[in-house]
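As provided, query_8.cif (mmCIF, C-alpha atoms) reads as follows.
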data_data
#
loop_
_atom_site.group_PDB
_atom_site.id
_atom_site.type_symbol
_atom_site.label_atom_id
_atom_site.label_comp_id
_atom_site.auth_asym_id
_atom_site.auth_seq_id
_atom_site.Cartn_x
_atom_site.Cartn_y
_atom_site.Cartn_z
ATOM 1 C CA MET X 1 14.055 -15.046 2.621
ATOM 2 C CA GLU X 2 14.418 -17.258 5.666
ATOM 3 C CA ALA X 3 18.155 -16.545 5.764
ATOM 4 C CA ALA X 4 17.509 -12.797 5.527
ATOM 5 C CA ARG X 5 14.899 -12.938 8.310
ATOM 6 C CA GLU X 6 17.282 -14.897 10.549
ATOM 7 C CA THR X 7 20.167 -12.543 9.799
ATOM 8 C CA PHE X 8 18.149 -9.396 10.546
ATOM 9 C CA GLY X 9 16.823 -11.085 13.683
ATOM 10 C CA SER X 10 20.211 -12.091 15.019
ATOM 11 C CA ARG X 11 22.337 -9.117 13.922
ATOM 12 C CA GLY X 12 19.763 -6.320 13.879
ATOM 13 C CA TYR X 13 18.955 -4.081 10.940
ATOM 14 C CA ARG X 14 21.833 -1.620 11.324
ATOM 15 C CA ASN X 15 24.442 -4.340 11.846
ATOM 16 C CA THR X 16 23.307 -6.421 8.874
ATOM 17 C CA CYS X 17 24.814 -5.873 5.453
ATOM 18 C CA VAL X 18 23.994 -7.588 2.178
ATOM 19 C CA GLU X 19 27.149 -9.704 2.546
ATOM 20 C CA ASP X 20 25.803 -11.138 5.809
ATOM 21 C CA ILE X 21 22.544 -12.138 4.140
ATOM 22 C CA ILE X 22 24.101 -13.752 1.079
ATOM 23 C CA ARG X 23 26.682 -15.583 3.195
ATOM 24 C CA HIS X 24 23.925 -16.993 5.451
ATOM 25 C CA ALA X 25 21.730 -17.865 2.441
ATOM 26 C CA GLY X 26 24.605 -19.393 0.507
ATOM 27 C CA VAL X 27 23.742 -17.492 -2.669
ATOM 28 C CA ALA X 28 25.694 -15.301 -5.027
ATOM 29 C CA ARG X 29 25.631 -11.519 -4.716
ATOM 30 C CA ALA X 30 24.018 -11.334 -8.182
ATOM 31 C CA THR X 31 21.174 -13.557 -6.997
ATOM 32 C CA PHE X 32 20.394 -11.202 -4.115
ATOM 33 C CA TYR X 33 20.479 -8.149 -6.373
ATOM 34 C CA HIS X 34 18.285 -9.896 -8.926
ATOM 35 C CA TYR X 35 15.473 -9.737 -6.337
ATOM 36 C CA PHE X 36 16.362 -6.704 -4.218
ATOM 37 C CA ASP X 37 17.983 -3.315 -4.758
ATOM 38 C CA ASN X 38 19.376 -3.217 -1.229
ATOM 39 C CA LYS X 39 18.914 -4.539 2.296
ATOM 40 C CA HIS X 40 16.019 -2.126 2.929
ATOM 41 C CA ALA X 41 14.065 -3.638 0.028
ATOM 42 C CA CYS X 42 14.736 -7.097 1.452
ATOM 43 C CA PHE X 43 13.594 -6.036 4.924
ATOM 44 C CA ARG X 44 10.482 -4.424 3.430
ATOM 45 C CA GLU X 45 9.643 -7.704 1.654
ATOM 46 C CA LEU X 46 9.972 -9.552 4.955
ATOM 47 C CA VAL X 47 7.574 -7.093 6.616
ATOM 48 C CA GLU X 48 5.100 -7.553 3.740
ATOM 49 C CA ARG X 49 5.268 -11.337 4.163
ATOM 50 C CA LEU X 50 4.773 -11.054 7.909
ATOM 51 C CA LEU X 51 1.725 -8.811 7.448
ATOM 52 C CA GLU X 52 0.283 -11.210 4.874
ATOM 53 C CA ARG X 53 0.760 -14.112 7.265
ATOM 54 C CA ILE X 54 -1.112 -12.197 9.959
ATOM 55 C CA ARG X 55 -3.833 -11.307 7.450
ATOM 56 C CA VAL X 56 -4.347 -14.983 6.547
ATOM 57 C CA GLU X 57 -3.950 -16.591 9.976
ATOM 58 C CA VAL X 58 -5.591 -13.930 12.149
ATOM 59 C CA LEU X 59 -8.026 -11.991 9.973
ATOM 60 C CA GLY X 60 -9.041 -14.906 7.743
ATOM 61 C CA PRO X 61 -10.997 -16.784 10.417
ATOM 62 C CA ILE X 62 -13.097 -13.746 11.378
ATOM 63 C CA SER X 63 -14.779 -13.839 7.974
ATOM 64 C CA ARG X 64 -16.407 -17.208 8.699
ATOM 65 C CA PRO X 65 -20.150 -17.415 9.482
ATOM 66 C CA ILE X 66 -21.188 -16.712 13.071
ATOM 67 C CA ILE X 67 -24.103 -18.760 14.394
ATOM 68 C CA ASP X 68 -24.066 -18.142 18.147
ATOM 69 C CA ALA X 69 -22.063 -16.499 20.934
ATOM 70 C CA SER X 70 -19.743 -19.506 21.283
ATOM 71 C CA ASP X 71 -18.675 -18.909 17.659
ATOM 72 C CA ILE X 72 -17.728 -15.355 18.610
ATOM 73 C CA ARG X 73 -15.581 -16.552 21.495
ATOM 74 C CA GLU X 74 -13.988 -19.254 19.367
ATOM 75 C CA VAL X 75 -13.067 -16.812 16.600
ATOM 76 C CA VAL X 76 -11.802 -14.085 18.943
ATOM 77 C CA HIS X 77 -9.795 -16.534 21.073
ATOM 78 C CA ALA X 78 -8.244 -18.159 17.988
ATOM 79 C CA ALA X 79 -7.328 -14.725 16.605
ATOM 80 C CA PHE X 80 -5.532 -13.875 19.847
ATOM 81 C CA ILE X 81 -3.740 -17.233 19.991
ATOM 82 C CA ASN X 82 -2.665 -16.953 16.342
ATOM 83 C CA THR X 83 -1.446 -13.371 16.820
ATOM 84 C CA PHE X 84 0.584 -14.293 19.886
ATOM 85 C CA ASN X 85 2.054 -17.394 18.234
ATOM 86 C CA ILE X 86 3.085 -15.464 15.117
ATOM 87 C CA PHE X 87 4.747 -12.772 17.207
ATOM 88 C CA MET X 88 6.595 -15.395 19.263
ATOM 89 C CA GLU X 89 7.720 -17.323 16.155
ATOM 90 C CA GLU X 90 8.888 -14.087 14.532
ATOM 91 C CA ASN X 91 10.301 -12.795 17.828
ATOM 92 C CA ALA X 92 13.796 -11.798 16.689
ATOM 93 C CA PHE X 93 12.669 -10.188 13.425
ATOM 94 C CA ILE X 94 9.819 -8.238 15.056
ATOM 95 C CA SER X 95 12.133 -7.139 17.865
ATOM 96 C CA THR X 96 14.530 -5.779 15.260
ATOM 97 C CA TYR X 97 11.728 -3.743 13.666
ATOM 98 C CA ILE X 98 10.483 -2.447 17.032
ATOM 99 C CA ARG X 99 13.913 -1.535 18.378
ATOM 100 C CA GLU X 100 15.524 -0.130 15.250
ATOM 101 C CA LEU X 101 12.948 1.007 12.711
ATOM 102 C CA LEU X 102 9.607 1.728 14.378
ATOM 103 C CA GLY X 103 8.906 5.410 13.921
ATOM 104 C CA LEU X 104 12.069 5.932 11.874
ATOM 105 C CA ASP X 105 11.131 4.385 8.530
ATOM 106 C CA ALA X 106 8.078 6.111 7.073
ATOM 107 C CA GLU X 107 7.645 3.582 4.267
ATOM 108 C CA ILE X 108 7.547 0.510 6.498
ATOM 109 C CA ASP X 109 5.583 2.315 9.213
ATOM 110 C CA GLY X 110 3.044 3.263 6.518
ATOM 111 C CA MET X 111 2.682 -0.393 5.518
ATOM 112 C CA VAL X 112 2.107 -1.394 9.131
ATOM 113 C CA LEU X 113 -0.399 1.419 9.758
ATOM 114 C CA SER X 114 -2.284 0.559 6.567
ATOM 115 C CA PHE X 115 -2.447 -3.061 7.680
ATOM 116 C CA GLN X 116 -3.731 -2.000 11.104
ATOM 117 C CA ASP X 117 -6.476 0.060 9.427
ATOM 118 C CA ASP X 118 -7.440 -2.953 7.284
ATOM 119 C CA ALA X 119 -7.495 -5.154 10.381
ATOM 120 C CA ALA X 120 -9.742 -2.713 12.252
ATOM 121 C CA ARG X 121 -12.158 -2.581 9.288
ATOM 122 C CA ALA X 122 -12.283 -6.393 9.131
ATOM 123 C CA VAL X 123 -12.997 -6.587 12.859
ATOM 124 C CA GLU X 124 -15.636 -3.857 12.542
ATOM 125 C CA ASP X 125 -17.337 -5.926 9.825
ATOM 126 C CA PHE X 126 -17.158 -9.008 12.078
ATOM 127 C CA LEU X 127 -18.758 -7.093 14.950
ATOM 128 C CA GLY X 128 -21.439 -5.761 12.622
ATOM 129 C CA ARG X 129 -22.362 -9.299 11.575
ATOM 130 C CA CYS X 130 -22.500 -10.344 15.226
ATOM 131 C CA GLU X 131 -24.712 -7.378 16.090
ATOM 132 C CA ASP X 132 -27.002 -8.087 13.115
ATOM 133 C CA ARG X 133 -27.583 -11.596 14.530
ATOM 134 C CA GLY X 134 -28.405 -10.144 17.943
ATOM 135 C CA LEU X 135 -25.388 -11.795 19.539
ATOM 136 C CA ILE X 136 -23.742 -8.635 20.822
ATOM 137 C CA ARG X 137 -25.249 -5.487 22.215
ATOM 138 C CA HIS X 138 -25.252 -2.254 20.254
ATOM 139 C CA ILE X 139 -21.819 -0.681 20.627
ATOM 140 C CA ASN X 140 -19.602 1.776 18.797
ATOM 141 C CA LYS X 141 -18.153 -0.845 16.472
ATOM 142 C CA ARG X 142 -15.370 1.404 15.229
ATOM 143 C CA VAL X 143 -13.996 1.934 18.746
ATOM 144 C CA ALA X 144 -14.508 -1.719 19.689
ATOM 145 C CA ALA X 145 -12.800 -2.830 16.461
ATOM 146 C CA ALA X 146 -9.809 -0.563 17.054
ATOM 147 C CA THR X 147 -9.513 -2.022 20.561
ATOM 148 C CA LEU X 148 -9.957 -5.610 19.459
ATOM 149 C CA ALA X 149 -7.496 -5.194 16.567
ATOM 150 C CA GLY X 150 -4.922 -3.226 18.580
ATOM 151 C CA ALA X 151 -4.914 -4.962 21.953
ATOM 152 C CA PRO X 152 -3.520 -8.313 20.786
ATOM 153 C CA GLN X 153 -0.746 -6.551 18.858
ATOM 154 C CA HIS X 154 0.231 -4.566 21.926
ATOM 155 C CA LEU X 155 0.153 -7.665 24.136
ATOM 156 C CA ALA X 156 2.046 -9.663 21.514
ATOM 157 C CA ILE X 157 4.776 -7.019 21.469
ATOM 158 C CA HIS X 158 4.917 -7.337 25.268
ATOM 159 C CA LEU X 159 5.242 -11.124 24.931
ATOM 160 C CA VAL X 160 7.997 -10.716 22.315
ATOM 161 C CA LEU X 161 10.020 -8.237 24.315
ATOM 162 C CA MET X 162 9.586 -10.210 27.538
ATOM 163 C CA ARG X 163 9.947 -13.575 25.764
ATOM 164 C CA GLY X 164 6.852 -14.858 27.547
ATOM 165 C CA SER X 165 5.707 -17.727 25.339
ATOM 166 C CA SER X 166 4.435 -19.642 28.373
ATOM 167 C CA ALA X 167 1.865 -16.881 28.931
ATOM 168 C CA ILE X 168 0.198 -17.129 25.489
ATOM 169 C CA GLU X 169 -2.810 -19.191 26.560
ATOM 170 C CA ASP X 170 -3.336 -17.132 29.714
ATOM 171 C CA PHE X 171 -3.110 -13.861 27.767
ATOM 172 C CA ALA X 172 -5.572 -15.144 25.156
ATOM 173 C CA ASP X 173 -8.079 -16.425 27.729
ATOM 174 C CA THR X 174 -7.965 -13.245 29.787
ATOM 175 C CA ILE X 175 -8.270 -10.767 26.941
ATOM 176 C CA THR X 176 -10.985 -12.817 25.203
ATOM 177 C CA ASP X 177 -13.090 -12.949 28.360
ATOM 178 C CA MET X 178 -12.507 -9.268 29.167
ATOM 179 C CA PHE X 179 -13.480 -8.134 25.704
ATOM 180 C CA LEU X 180 -16.480 -10.391 25.262
ATOM 181 C CA SER X 181 -17.909 -9.694 28.720
ATOM 182 C CA GLY X 182 -18.366 -6.113 27.573
ATOM 183 C CA ILE X 183 -20.157 -6.842 24.291
ATOM 184 C CA ILE X 184 -22.029 -10.156 24.452
ATOM 185 C CA GLU X 185 -25.768 -9.638 24.629
ATOM 186 C CA PRO X 186 -26.989 -10.589 28.146
ATOM 187 C CA GLY X 187 -28.318 -14.121 28.312
ATOM 188 C CA ARG X 188 -26.142 -15.413 25.460
ATOM 189 C CA ALA X 189 -23.889 -18.303 26.411
ATOM 190 C CA MET X 190 -20.273 -18.022 25.400
ATOM 191 C CA THR X 191 -18.830 -21.264 26.678
ATOM 192 C CA VAL X 192 -16.475 -23.185 24.452
ATOM 193 C CA ASP X 193 -13.939 -25.979 24.778
ATOM 194 C CA ILE X 194 -10.718 -23.954 24.815
ATOM 195 C CA PRO X 195 -8.263 -26.812 24.026
ATOM 196 C CA SER X 196 -10.089 -27.448 20.739
ATOM 197 C CA LEU X 197 -9.272 -23.913 19.621
ATOM 198 C CA MET X 198 -5.530 -24.343 19.604
ATOM 199 C CA MET X 199 -3.996 -24.251 16.158
ATOM 200 C CA PRO X 200 -1.591 -27.055 15.177
#
structure tokens encoding of this file:
Amino acid sequence: MEAARETFGSRGYRNTCVEDIIRHAGVARATFYHYFDNKHACFRELVERLLERIRVEVLGPISRPIIDASDIREVVHAAFINTFNIFMEENAFISTYIRELLGLDAEIDGMVLSFQDDAARAVEDFLGRCEDRGLIRHINKRVAAATLAGAPQHLAIHLVLMRGSSAIEDFADTITDMFLSGIIEPGRAMTVDIPSLMMP
């Protein structure tokens, strides 16, 4: 799968054929076709794996218990950092999807949209738990969740297309502070040691 991801990333979707993938992977044609019907099925599998990675690394932490406002900031900041890092690590592959398939492949677009809906629901649940503890003010959680789930993806795409990996920490700090300043209940502290939030 790594060879397929690298091949799609370097050659693009349209310019990649099965021969390119099997040559880069060093496997027989029969081995490829044992797992996939065609290059589209292989690309789809790569998208599924990418979405699962985001689900684990970005959405997983928001299910943890929230004790105080600093927990909220820690979780939100880590989610942004993880999103940006994944998009930068998967830069070439994601760029291929954005430039060549976004809006043109209903099946893959449907997978991505379904994932985005799941992400928004998970964030809405997170915000509900925070509100129940009195840590955030009463807000329209559905709108806030759509914003919180969508903004890092949009910014990550910007980072990918502009190749701005040096801006990851600045992006994460800024968007975390902007978002939380609008929802944290007045009087709740949200200070946290930012370097401790960085993922290995």
Report summary line: Students should find that CA of Asp125 in chain X and CA of Ile168 in chain X are spaced 26.0 Å
Requested in this report: Kindly indicate which residue among X:Ser114, X:Thr7, X:Ser70, X:Asn91 lies nearest to Leu135 in chain X, using all atoms listed in the file for the distances.
Outcome: X:Ser70
Query raised in the report: What lies within 10 Å of Ala172 in chain X using all atoms listed in the file, ignoring chain neighbours under 6 positions off, as a list in words?
Result: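 In the requested format, the answer is Val76, His77, Ala78, Ala79, Phe80, Ile81, Asn82, Thr83, Phe84, Pro152, Leu155 and Met178 of chain X.
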Query - Residue IDs satisfying the PyMOL selection byres ((chain X and resi 140) around 12), as a list of chain:residue names - result: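 Taken over the shown coordinates, the PyMOL selection byres ((chain X and resi 140) around 12) returns X:Glu124, X:Leu127, X:Gly128, X:Glu131, X:Ile136, X:Arg137, X:His138, X:Ile139, X:Lys141, X:Arg142, X:Val143, X:Ala144, X:Ala145, X:Ala146, X:Thr147, X:Gly182, X:Ile183.
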Deliver the residues from the most recent selection as a file, using C-alpha atoms, as an mmCIF file, in the coordinates of the input.
data_model
loop_
_atom_site.group_PDB
_atom_site.id
_atom_site.type_symbol
_atom_site.label_atom_id
_atom_site.label_comp_id
_atom_site.auth_asym_id
_atom_site.auth_seq_id
_atom_site.Cartn_x
_atom_site.Cartn_y
_atom_site.Cartn_z
ATOM 1 C CA GLU X 124 -15.636 -3.857 12.542
ATOM 2 C CA LEU X 127 -18.758 -7.093 14.950
ATOM 3 C CA GLY X 128 -21.439 -5.761 12.622
ATOM 4 C CA GLU X 131 -24.712 -7.378 16.090
ATOM 5 C CA ILE X 136 -23.742 -8.635 20.822
ATOM 6 C CA ARG X 137 -25.249 -5.487 22.215
ATOM 7 C CA HIS X 138 -25.252 -2.254 20.254
ATOM 8 C CA ILE X 139 -21.819 -0.681 20.627
ATOM 9 C CA LYS X 141 -18.153 -0.845 16.472
ATOM 10 C CA ARG X 142 -15.370 1.404 15.229
ATOM 11 C CA VAL X 143 -13.996 1.934 18.746
ATOM 12 C CA ALA X 144 -14.508 -1.719 19.689
ATOM 13 C CA ALA X 145 -12.800 -2.830 16.461
ATOM 14 C CA ALA X 146 -9.809 -0.563 17.054
ATOM 15 C CA THR X 147 -9.513 -2.022 20.561
ATOM 16 C CA GLY X 182 -18.366 -6.113 27.573
ATOM 17 C CA ILE X 183 -20.157 -6.842 24.291
#
Query raised in the report: Once the PyMOL selection byres ((chain X and resi 119) around 10) has been applied to the shown file, what residues remain in the selection, as a list in words?
Result: Ile54, Arg55, Val58, Leu59, Leu113, Ser114, Phe115, Gln116, Asp117, Asp118, Ala120, Arg121, Ala122, Val123, Glu124, Asp125, Ala145, Ala146, Leu148, Ala149 and Gly150 of chain X
Report task. Pull out every residue that the PyMOL selection byres ((chain X and resi 30-46) around 8) matches in the shown coordinates and put them as a list in words. Result -> Met1, Ala4, Arg5, Phe8, Cys17, Val18, Ile22, Val27, Ala28, Arg29, Val47, Glu48, Arg49, Leu50 and Ile108 of chain X
Query raised in the report: Distance CA of Gly134 in chain X-CA of Glu185 in chain X, one decimal place?
Result: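 Between CA of Gly134 in chain X and CA of Glu185 in chain X the gap works out to 7.2 Å.
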**Report entry** Selected residue of minimal separation from Asp105 in chain X among X:Glu57, X:Gln153, X:Tyr13, X:Phe126, counting all atoms listed in the file
**Finding:**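 Closest residue, counting all atoms listed in the file: X:Tyr13.
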Query - One-decimal distance in Å that lies between CA of Leu101 in chain X and CA of Leu161 in chain X - result: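 Straight-line distance from CA of Leu161 in chain X to CA of Leu101 in chain X works out to 15.1 Å.
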Taking all atoms of range 37-40 of chain X that the file lists, what box with edges along x, y and z, padded by 3 Å per side, do you get, with centre and edge lengths in Å to one decimal, as lines of an AutoDock Vina configuration file?
center_x = 17.7
center_y = -3.3
center_z = -0.9
size_x = 9.4
size_y = 8.4
size_z = 13.7
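Residue nearest Glu52 in chain X, chosen from X:Ala167, X:Leu180, X:Val112, X:Ala156 and counting only C-alpha atoms: X:Val112.
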Query - Counting all atoms listed in the file, the residue of X:Cys130, X:Thr174, X:Thr96, X:Glu19 that sits nearest Val75 in chain X - result: X:Cys130
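Remark: for Asn15 in chain X, the closest of the candidate residues X:Glu100, X:Glu89, X:Asp132, X:Asp71 is X:Glu100 (distances computed over all atoms listed in the file).
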Query raised in the report: Quick one: of X:Ile184, X:Ala25, X:Ala151, X:Leu102, who's nearest to Arg133 in chain X, counting only C-alpha atoms?
Result: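 Closest candidate: X:Ile184.
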